[in-house]
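> Below is a structure I'd like to ask you about.
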Amino acid sequence: MSSLKANFDELMVKLQAGRELAHAGFEPVYYLVFPPGQILDVKRMMPARIARLSNDGWDVHVFSIAEHILDILKKAPLREVWIEADRKNPLDWDKANESIGNLLSRGALKERLENQLQELRDRKSAILLVTDLEALHPYLRIGAIESQLYGEFNIPTIFFYPGVRTGKTRLKFLGFYPSDGNYRSVHVGG
């Protein structure tokens, strides 16, 4: 199994090659795939990864899926209804997960990511790191959001993906979801 450092080094080479190519039709979307058991290691290494990218001349921005989901939930119109329902039946996770999944499926998270990409569109050397993908479980998978944003990835975007690579373009989110090949991106690791 390759190490996180070796995979990040390989990703850096691909980023530089993509930076030099930048041809029409190429969307600079990269997945750094790592075993779910290494989620905490990836989080611990993030400051060093951000520093390395900055030192290499990148204008680094981070989009935390977990932070955005939390903010969406805090602002949800049905939040008080959900809290009251949870008080009445705190072990009814299926119902709560279904409600949260419905909210996120309506596009609020996709819109936030799209807005971030638009905001960074004209910034020289901007790069976006999308972290905390595990927070999507059990509501969504990032492939659904990526496919809806096809054509919008105008800056290099790295998804830190906890899962297993099951082929050149197929990924298994968190190692237990069914393998999904709906990715139009470069995969490293896994």
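Quick note on naming: the chains in the structure tokens go A, B, ... in the order shown, residues restart at 1 in each chain, and ligands are numbered from 1 in order of appearance.
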Determine which residues of chain A DSSP labels as alpha helix (DSSP H) from the backbone of this structure, then write them out as number ranges by chain.
A: 4-21, 39-55, 65-74, 79-88, 93-105, 108-120, 142-148
> For the interface of stretch 35-111 of chain A with stretch 116-121 of chain A (cut-off 12 Å, counting only C-alpha atoms), please tabulate each contacting residue of stretch 35-111 of chain A alongside its nearest pair of atoms and their separation in Å to one decimal, rows sorted by chain and increasing number, as a Markdown table.

```
| residue | atom | partner | partner_atom | distance |
| --- | --- | --- | --- | --- |
| A:Asp59 | CA | A:Leu120 | CA | 9.5 |
| A:Val60 | CA | A:Leu120 | CA | 10.1 |
| A:His61 | CA | A:Leu120 | CA | 8.8 |
| A:Val62 | CA | A:Gln116 | CA | 9.6 |
| A:Phe63 | CA | A:Gln116 | CA | 8.0 |
| A:Ser64 | CA | A:Gln116 | CA | 11.3 |
| A:His68 | CA | A:Gln116 | CA | 11.6 |
| A:Leu109 | CA | A:Gln116 | CA | 10.8 |
| A:Lys110 | CA | A:Gln116 | CA | 9.9 |
| A:Glu111 | CA | A:Gln116 | CA | 8.5 |
```
> Just the selected residues (all heavy atoms), exported as a PDB file, in the first residue's frame, please.

```
ATOM      1  N   ASP A  59      -2.269  29.499  -4.514  1.00  0.00           N
ATOM      2  CA  ASP A  59      -3.140  30.302  -3.647  1.00  0.00           C
ATOM      3  C   ASP A  59      -4.188  29.320  -3.114  1.00  0.00           C
ATOM      4  O   ASP A  59      -5.180  29.027  -3.782  1.00  0.00           O
ATOM      5  CB  ASP A  59      -3.772  31.425  -4.478  1.00  0.00           C
ATOM      6  CG  ASP A  59      -4.776  32.252  -3.707  1.00  0.00           C
ATOM      7  OD1 ASP A  59      -4.761  32.220  -2.462  1.00  0.00           O
ATOM      8  OD2 ASP A  59      -5.592  32.933  -4.371  1.00  0.00           O
ATOM      9  N   VAL A  60      -3.954  28.772  -1.922  1.00  0.00           N
ATOM     10  CA  VAL A  60      -4.716  27.635  -1.391  1.00  0.00           C
ATOM     11  C   VAL A  60      -5.997  28.078  -0.690  1.00  0.00           C
ATOM     12  O   VAL A  60      -5.977  28.978   0.158  1.00  0.00           O
ATOM     13  CB  VAL A  60      -3.860  26.801  -0.416  1.00  0.00           C
ATOM     14  CG1 VAL A  60      -4.625  25.577   0.076  1.00  0.00           C
ATOM     15  CG2 VAL A  60      -2.544  26.390  -1.065  1.00  0.00           C
ATOM     16  N   HIS A  61      -7.097  27.406  -1.036  1.00  0.00           N
ATOM     17  CA  HIS A  61      -8.391  27.626  -0.394  1.00  0.00           C
ATOM     18  C   HIS A  61      -8.944  26.261  -0.007  1.00  0.00           C
ATOM     19  O   HIS A  61      -8.750  25.281  -0.725  1.00  0.00           O
ATOM     20  CB  HIS A  61      -9.352  28.338  -1.346  1.00  0.00           C
ATOM     21  CG  HIS A  61      -8.845  29.677  -1.746  1.00  0.00           C
ATOM     22  ND1 HIS A  61      -9.174  30.832  -1.080  1.00  0.00           N
ATOM     23  CD2 HIS A  61      -7.985  30.038  -2.731  1.00  0.00           C
ATOM     24  CE1 HIS A  61      -8.550  31.843  -1.638  1.00  0.00           C
ATOM     25  NE2 HIS A  61      -7.813  31.393  -2.634  1.00  0.00           N
ATOM     26  N   VAL A  62      -9.629  26.204   1.136  1.00  0.00           N
ATOM     27  CA  VAL A  62     -10.174  24.942   1.640  1.00  0.00           C
ATOM     28  C   VAL A  62     -11.693  25.047   1.721  1.00  0.00           C
ATOM     29  O   VAL A  62     -12.236  26.035   2.219  1.00  0.00           O
ATOM     30  CB  VAL A  62      -9.595  24.600   3.034  1.00  0.00           C
ATOM     31  CG1 VAL A  62     -10.212  23.322   3.584  1.00  0.00           C
ATOM     32  CG2 VAL A  62      -8.071  24.481   2.962  1.00  0.00           C
ATOM     33  N   PHE A  63     -12.363  24.003   1.219  1.00  0.00           N
ATOM     34  CA  PHE A  63     -13.816  23.885   1.301  1.00  0.00           C
ATOM     35  C   PHE A  63     -14.102  22.629   2.117  1.00  0.00           C
ATOM     36  O   PHE A  63     -13.922  21.506   1.635  1.00  0.00           O
ATOM     37  CB  PHE A  63     -14.418  23.755  -0.110  1.00  0.00           C
ATOM     38  CG  PHE A  63     -15.919  23.719  -0.139  1.00  0.00           C
ATOM     39  CD1 PHE A  63     -16.649  24.871  -0.361  1.00  0.00           C
ATOM     40  CD2 PHE A  63     -16.604  22.520   0.033  1.00  0.00           C
ATOM     41  CE1 PHE A  63     -18.038  24.848  -0.403  1.00  0.00           C
ATOM     42  CE2 PHE A  63     -17.988  22.477  -0.002  1.00  0.00           C
ATOM     43  CZ  PHE A  63     -18.702  23.646  -0.221  1.00  0.00           C
ATOM     44  N   SER A  64     -14.489  22.810   3.377  1.00  0.00           N
ATOM     45  CA  SER A  64     -14.776  21.678   4.256  1.00  0.00           C
ATOM     46  C   SER A  64     -16.237  21.268   4.097  1.00  0.00           C
ATOM     47  O   SER A  64     -17.142  22.035   4.430  1.00  0.00           O
ATOM     48  CB  SER A  64     -14.509  22.052   5.711  1.00  0.00           C
ATOM     49  OG  SER A  64     -15.075  21.083   6.570  1.00  0.00           O
ATOM     50  N   HIS A  68     -19.638  23.044   5.900  1.00  0.00           N
ATOM     51  CA  HIS A  68     -20.761  23.535   5.102  1.00  0.00           C
ATOM     52  C   HIS A  68     -22.054  22.784   5.427  1.00  0.00           C
ATOM     53  O   HIS A  68     -23.125  23.402   5.481  1.00  0.00           O
ATOM     54  CB  HIS A  68     -20.432  23.486   3.610  1.00  0.00           C
ATOM     55  CG  HIS A  68     -19.538  24.607   3.195  1.00  0.00           C
ATOM     56  ND1 HIS A  68     -20.006  25.865   2.911  1.00  0.00           N
ATOM     57  CD2 HIS A  68     -18.189  24.670   3.063  1.00  0.00           C
ATOM     58  CE1 HIS A  68     -18.995  26.653   2.605  1.00  0.00           C
ATOM     59  NE2 HIS A  68     -17.880  25.948   2.690  1.00  0.00           N
ATOM     60  N   LEU A 109     -25.480  22.226  -0.922  1.00  0.00           N
ATOM     61  CA  LEU A 109     -24.047  21.964  -0.843  1.00  0.00           C
ATOM     62  C   LEU A 109     -23.395  22.180  -2.208  1.00  0.00           C
ATOM     63  O   LEU A 109     -22.334  22.809  -2.309  1.00  0.00           O
ATOM     64  CB  LEU A 109     -23.816  20.537  -0.340  1.00  0.00           C
ATOM     65  CG  LEU A 109     -22.418  20.178   0.085  1.00  0.00           C
ATOM     66  CD1 LEU A 109     -21.912  21.080   1.203  1.00  0.00           C
ATOM     67  CD2 LEU A 109     -22.371  18.725   0.542  1.00  0.00           C
ATOM     68  N   LYS A 110     -24.028  21.699  -3.247  1.00  0.00           N
ATOM     69  CA  LYS A 110     -23.528  21.897  -4.613  1.00  0.00           C
ATOM     70  C   LYS A 110     -23.416  23.386  -4.925  1.00  0.00           C
ATOM     71  O   LYS A 110     -22.423  23.846  -5.475  1.00  0.00           O
ATOM     72  CB  LYS A 110     -24.441  21.219  -5.629  1.00  0.00           C
ATOM     73  CG  LYS A 110     -23.996  21.421  -7.074  1.00  0.00           C
ATOM     74  CD  LYS A 110     -25.129  21.210  -8.037  1.00  0.00           C
ATOM     75  CE  LYS A 110     -25.779  22.362  -8.515  1.00  0.00           C
ATOM     76  NZ  LYS A 110     -25.744  23.441  -9.195  1.00  0.00           N
ATOM     77  N   GLU A 111     -24.424  24.149  -4.556  1.00  0.00           N
ATOM     78  CA  GLU A 111     -24.408  25.591  -4.810  1.00  0.00           C
ATOM     79  C   GLU A 111     -23.262  26.278  -4.086  1.00  0.00           C
ATOM     80  O   GLU A 111     -22.618  27.166  -4.638  1.00  0.00           O
ATOM     81  CB  GLU A 111     -25.733  26.220  -4.389  1.00  0.00           C
ATOM     82  CG  GLU A 111     -26.875  25.898  -5.323  1.00  0.00           C
ATOM     83  CD  GLU A 111     -28.216  26.394  -4.803  1.00  0.00           C
ATOM     84  OE1 GLU A 111     -28.242  27.254  -3.886  1.00  0.00           O
ATOM     85  OE2 GLU A 111     -29.235  25.918  -5.313  1.00  0.00           O
TER      86      GLU A 111
END
```
> Could you list, as a PyMOL selection string, every residue within 12 Å of A:Leu133, counting only C-alpha atoms and ignoring same-chain residues fewer than 2 positions away?
chain A and resi 31-34+36+39+42-43+63-69+109+129-131+135-143+145+158-163+173-174
> Show me, as a tab-separated table (two decimals) with N, CA and C atoms, in the first residue's frame, the residues that have an atom within 9 Å of A:Ser179 when counting only C-alpha atoms, minus same-chain residues fewer than 3 positions from it.

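Output contents, as saved in part17.tsv:
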```tsv
chain	number	residue	atom	x	y	z
A	164	VAL	N	-11.81	3.44	-1.51
A	164	VAL	CA	-10.98	2.44	-2.16
A	164	VAL	C	-11.12	2.62	-3.67
A	165	ARG	N	-10.02	2.55	-4.34
A	165	ARG	CA	-10.04	2.62	-5.81
A	165	ARG	C	-10.25	1.21	-6.34
A	166	THR	N	-11.24	1.04	-7.21
A	166	THR	CA	-11.54	-0.31	-7.72
A	166	THR	C	-11.33	-0.40	-9.23
A	170	ARG	N	-13.11	4.06	-11.06
A	170	ARG	CA	-14.13	3.61	-10.10
A	170	ARG	C	-13.63	3.75	-8.67
A	171	LEU	N	-14.51	4.28	-7.83
A	171	LEU	CA	-14.19	4.48	-6.42
A	171	LEU	C	-15.30	3.91	-5.55
A	172	LYS	N	-14.89	3.43	-4.39
A	172	LYS	CA	-15.81	2.86	-3.41
A	172	LYS	C	-15.75	3.74	-2.16
A	173	PHE	N	-16.74	4.64	-2.01
A	173	PHE	CA	-16.76	5.61	-0.93
A	173	PHE	C	-16.76	4.91	0.43
A	175	GLY	N	-15.10	2.73	1.51
A	175	GLY	CA	-14.72	1.33	1.43
A	175	GLY	C	-15.88	0.36	1.50
A	176	PHE	N	-17.11	0.84	1.70
A	176	PHE	CA	-18.23	-0.10	1.78
A	176	PHE	C	-19.41	0.26	0.87
```
> Which of these, A:Pro77, A:Gly189, A:Pro28, A:Gly57, has the shortest distance to A:Thr157 once you count only C-alpha atoms?
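Going through A:Pro77, A:Gly189, A:Pro28, A:Gly57 one by one, the smallest distance to A:Thr157 is for A:Pro28.
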> Ranking A:Gly101, A:Gly151, A:Leu70, A:Ser125 by minimum distance to A:Leu53 and counting only C-alpha atoms, which one comes first?
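Distance minimum relative to A:Leu53 lands on A:Ser125.
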> Could you jot down the atom CA of A:Leu103 to atom CA of A:Ile72 separation for me, Å, one decimal place?
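Atom-to-atom, atom CA of A:Leu103 and atom CA of A:Ile72 are spaced 8.6 Å apart.
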> For atom CA of A:Asn7 and atom CA of A:Gly190, quote the distance in Å rounded to one decimal.
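Taking atom CA of A:Asn7 and atom CA of A:Gly190, their separation equals 8.8 Å.
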> Find the residue from A:Ile127, A:Leu73, A:Lys14, A:Arg184 that sits nearest to A:Asn97; use only C-alpha atoms when measuring.
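So, comparing all the options, the nearest one is A:Leu73.
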> Please run DSSP on the backbone and report, as a ChimeraX atom specification, all residues within stretch 11-178 of chain A that come out as strand (DSSP E).
/A:29-34,59-64,126-131,157-165,171-173
> Atom CA of A:Glu10 and atom CA of A:Lys124, how far apart in Å?
22.6 Å
> Of the candidates A:Asp94, A:Ser99, A:Ala126, A:Lys74, which one gets nearest to A:Asp56 if we count only C-alpha atoms?
A:Ala126
